[in-house]
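A.B. asks: To start, I am sharing the structure in question, which I have written as structure tokens.
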Amino acid sequence: MNAQATSPGADAIGVRRQRVTVLGATGSIGDSTLDVIGRHRDRFEVFALTGHGRVEKLFEQCERHRPAFAVVASADAALALEKRLLERGVMTTVLWGADGLVHVAGHESVDAVVTGIVGAAGLMPTLAALNAPRRVLIANKEPLVMMGDAIMRRAREAGATVIPLDSEHNAIFQCLPGRWGDSSRTGVRRILLTASGGPFRTLARDALASVTPAQAVAHPNWSMGPKISVDSATLMNKGLELIEACVLFAVDCDDVRVVIHPQSTIHSMVEYIDGSVIAQMGAPDMRIPIAHGLGWPERIASGAASLDFYTMSQLEFEPPDETRFPCLRLARDAARAGGNAPIILNAANEVAVAAFLAGEIAFPRIADVIESTLDAVNLPHESSVDGVLHVDSVSRDAARAEVLR
Ligand code: NAD
Ligand code: MG
């Protein structure tokens, strides 16, 4: 395990309330984060909220939480929102675009940043958040897939505390010893990454060709944004999470085993060399990892319901089926290959999922588009941000061409 997270005392916790920036406030992670923050107004104040398209929702959130800054996609939307807020007596400064996101993520007044933007769009603000010894709670997994090692290095150099919010990685974090350390020293044998299996877990291979976007986003256990819901249905989400786990906990991808657990009660497990397995359990409610991350090392209330062990019927486990769900295999291969492969995988997946949601391609074509794009893009690997963004952009063009083929 890496030593990237610092000890509790090094965190920027003082007597004053912690100032929090919520990137992607108008999404599913944003909603859950603001719910937890709303329960602890004595501890947290909202410094900035960002949305993208859903300006009406951002307006309501700003009225309620009165942040110093808000960020929207365009200059016109920013002007209109700021004017409306002013009319209601809300003095929020509204910024726009990528520069606005970077400004509020890396602002010197911010104690904690929650990364809830979906996709590669969160890369630059995530990097900006990691420029100071603050707490960065990462839900937005795609940047970790694209350039995780560089992100974790930046965190170490700046003294930032990275806390995973993805439920599995937060569970692993909770199952590891109090301090992050080297895996050989902590005696970790492997990580058991659980997956619900998604809405099509029991569907026959032939039937996958005719599933609709509405069926794909109807996750059996979790309520999430559309992109991650489709990723859960293809098992690409677990593939991205495999890479995410390797980055966050500095383990080899062959030491991470995916376990299908349809009830989503156990959120992941850590197996130690003596055979002990430590699991983290709880309701499938993202407010649990978010409250854990915001309060850590203390525990604070999340609003989530208790597990009822009297009514819980069964906990089932099975191996993933990579024939019906090839995205998991593609992600593992990309993790092993390293270099550009995870960047291409992620970019192609974002394009393919958008095309599936738009009704342009059938569900099984998502994996085909990703595989063809991995074959088609052949560029030298360059680990700088510009190099990664170049590969991302070339891969998107290649994936788009595959979609239209
Ligand atoms: P969502 O679609 O509900 O919300 C996405 C947010 O990002 C919105 O606020 C949207 O306005 C913003 N956004 C979208 N495109 C943007 C762009 N180009 N620039 C700036 N902002 C943009 O997504 P979500 O389900 O909340 O997921 C967010 C991230 O958290 C994803 O990376 C996802 O994988 C991860 N995650 C989500 C959950 C969950 O339960 N929802 C669980 C684990 C991890
Ligand atoms: Mg997850």
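Convention: chains lettered A, B, ... in structure tokens order; per-chain residue numbering from 1; ligands numbered from 1 as shown.
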If you count only C-alpha atoms, which residues fall within 7 Å of Gly106 in chain A, apart from same-chain ones fewer than 5 positions away, as number ranges by chain?
C.D. replies: A: 128-129, 131
A.B. asks: Keeping N, CA and C atoms for every residue in the selection just given, could you write it to a file as a CSV table (one decimal), in the first residue's frame?
C.D. replies:
chain,number,residue,atom,x,y,z
A,128,ALA,N,-6.0,20.2,-9.9
A,128,ALA,CA,-6.0,21.5,-9.1
A,128,ALA,C,-6.3,21.3,-7.7
A,129,ALA,N,-7.2,20.4,-7.4
A,129,ALA,CA,-7.6,20.2,-5.9
A,129,ALA,C,-6.4,19.7,-5.2
A,131,ASN,N,-3.3,20.5,-5.2
A,131,ASN,CA,-2.2,21.4,-5.2
A,131,ASN,C,-1.8,21.9,-3.8
A.B. asks: Quick check for you: according to DSSP on this backbone, which residues of range 262-304 of chain A are classed as helix (DSSP H, G or I)? Reply as a short mmCIF file (atom, residue, chain, number, x, y, z; two decimals) with all heavy atoms, in the first residue's frame.
C.D. replies:
data_model
loop_
_atom_site.label_atom_id
_atom_site.label_comp_id
_atom_site.auth_asym_id
_atom_site.auth_seq_id
_atom_site.Cartn_x
_atom_site.Cartn_y
_atom_site.Cartn_z
N ARG A 287 -24.13 8.03 0.83
CA ARG A 287 -23.88 8.95 1.94
C ARG A 287 -22.97 8.32 2.99
O ARG A 287 -22.33 9.03 3.76
CB ARG A 287 -25.22 9.38 2.56
CG ARG A 287 -26.03 10.27 1.61
CD ARG A 287 -27.37 10.62 2.21
NE ARG A 287 -28.16 9.43 2.51
CZ ARG A 287 -29.34 9.45 3.11
NH1 ARG A 287 -29.86 10.59 3.47
NH2 ARG A 287 -29.98 8.33 3.35
N ILE A 288 -22.89 6.97 2.99
CA ILE A 288 -22.01 6.32 3.98
C ILE A 288 -20.53 6.61 3.66
O ILE A 288 -19.81 7.14 4.51
CB ILE A 288 -22.30 4.80 4.07
CG1 ILE A 288 -23.74 4.59 4.58
CG2 ILE A 288 -21.28 4.11 4.99
CD1 ILE A 288 -24.17 3.12 4.65
N PRO A 289 -20.04 6.25 2.44
CA PRO A 289 -18.64 6.61 2.17
C PRO A 289 -18.39 8.12 2.19
O PRO A 289 -17.30 8.56 2.61
CB PRO A 289 -18.37 6.02 0.78
CG PRO A 289 -19.69 5.67 0.19
CD PRO A 289 -20.61 5.42 1.35
N ILE A 290 -19.37 8.91 1.78
CA ILE A 290 -19.16 10.37 1.77
C ILE A 290 -19.02 10.88 3.22
O ILE A 290 -18.10 11.65 3.52
CB ILE A 290 -20.33 11.08 1.04
CG1 ILE A 290 -20.23 10.78 -0.47
CG2 ILE A 290 -20.29 12.59 1.30
CD1 ILE A 290 -21.47 11.15 -1.28
N ALA A 291 -19.88 10.41 4.12
CA ALA A 291 -19.77 10.84 5.53
C ALA A 291 -18.45 10.34 6.12
O ALA A 291 -17.79 11.05 6.88
CB ALA A 291 -20.95 10.31 6.34
N HIS A 292 -18.06 9.13 5.73
CA HIS A 292 -16.78 8.60 6.22
C HIS A 292 -15.63 9.50 5.78
O HIS A 292 -14.74 9.85 6.56
CB HIS A 292 -16.58 7.15 5.73
CG HIS A 292 -15.23 6.62 6.07
ND1 HIS A 292 -14.18 6.64 5.20
CD2 HIS A 292 -14.75 6.08 7.22
CE1 HIS A 292 -13.11 6.13 5.79
NE2 HIS A 292 -13.43 5.79 7.02
N GLY A 293 -15.67 9.86 4.50
CA GLY A 293 -14.58 10.68 3.95
C GLY A 293 -14.56 12.09 4.52
O GLY A 293 -13.50 12.64 4.81
N LEU A 294 -15.73 12.67 4.70
CA LEU A 294 -15.79 14.03 5.22
C LEU A 294 -15.39 14.08 6.69
O LEU A 294 -14.75 15.01 7.15
CB LEU A 294 -17.21 14.61 5.06
CG LEU A 294 -17.61 15.08 3.65
CD1 LEU A 294 -19.10 15.40 3.60
CD2 LEU A 294 -16.80 16.32 3.24
N GLY A 295 -15.77 13.05 7.44
CA GLY A 295 -15.53 13.07 8.88
C GLY A 295 -14.18 12.50 9.28
O GLY A 295 -13.67 12.82 10.34
#
A.B. asks: What's the separation between CA of Ala70 in chain A and CA of Pro133 in chain A, in Å to one decimal place?
C.D. replies: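 Between CA of Ala70 in chain A and CA of Pro133 in chain A the gap works out to 22.6 Å.
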A.B. asks: Would you list the residues that come within 9 Å of ligand 1? Count only C-alpha atoms and all ligand atoms and give the answer as a VMD selection string.
C.D. replies: chain A and resid 22 to 32 49 to 55 58 71 to 73 97 to 98 101 115 to 122 138 to 143 165 to 168 222 to 229 231 237 240 to 241 284 to 286
A.B. asks: Taking into account only C-alpha atoms, which residue in the set A:Leu86, A:Val114, A:Ala245, A:Val377 is nearest to Leu144 in chain A?
C.D. replies: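 Closest to Leu144 in chain A, using only C-alpha atoms: A:Ala245.
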A.B. asks: Determine, counting only C-alpha atoms, which protein, DNA and RNA residues have an atom within 10 Å of an atom of Ala48 in chain A; residues of the same chain fewer than 3 positions away are not included. Present the result as a list in words.
C.D. replies: Arg19, Val20, Thr21, Val22, Leu23, Ala25, Glu45, Cys62, His65, Arg66, Pro67, Ala68, Phe69, Ala70, Val71, Thr92, Thr93, Val94, Leu101, His103, Val104, Ala105, His107, Val110 and Val113 of chain A
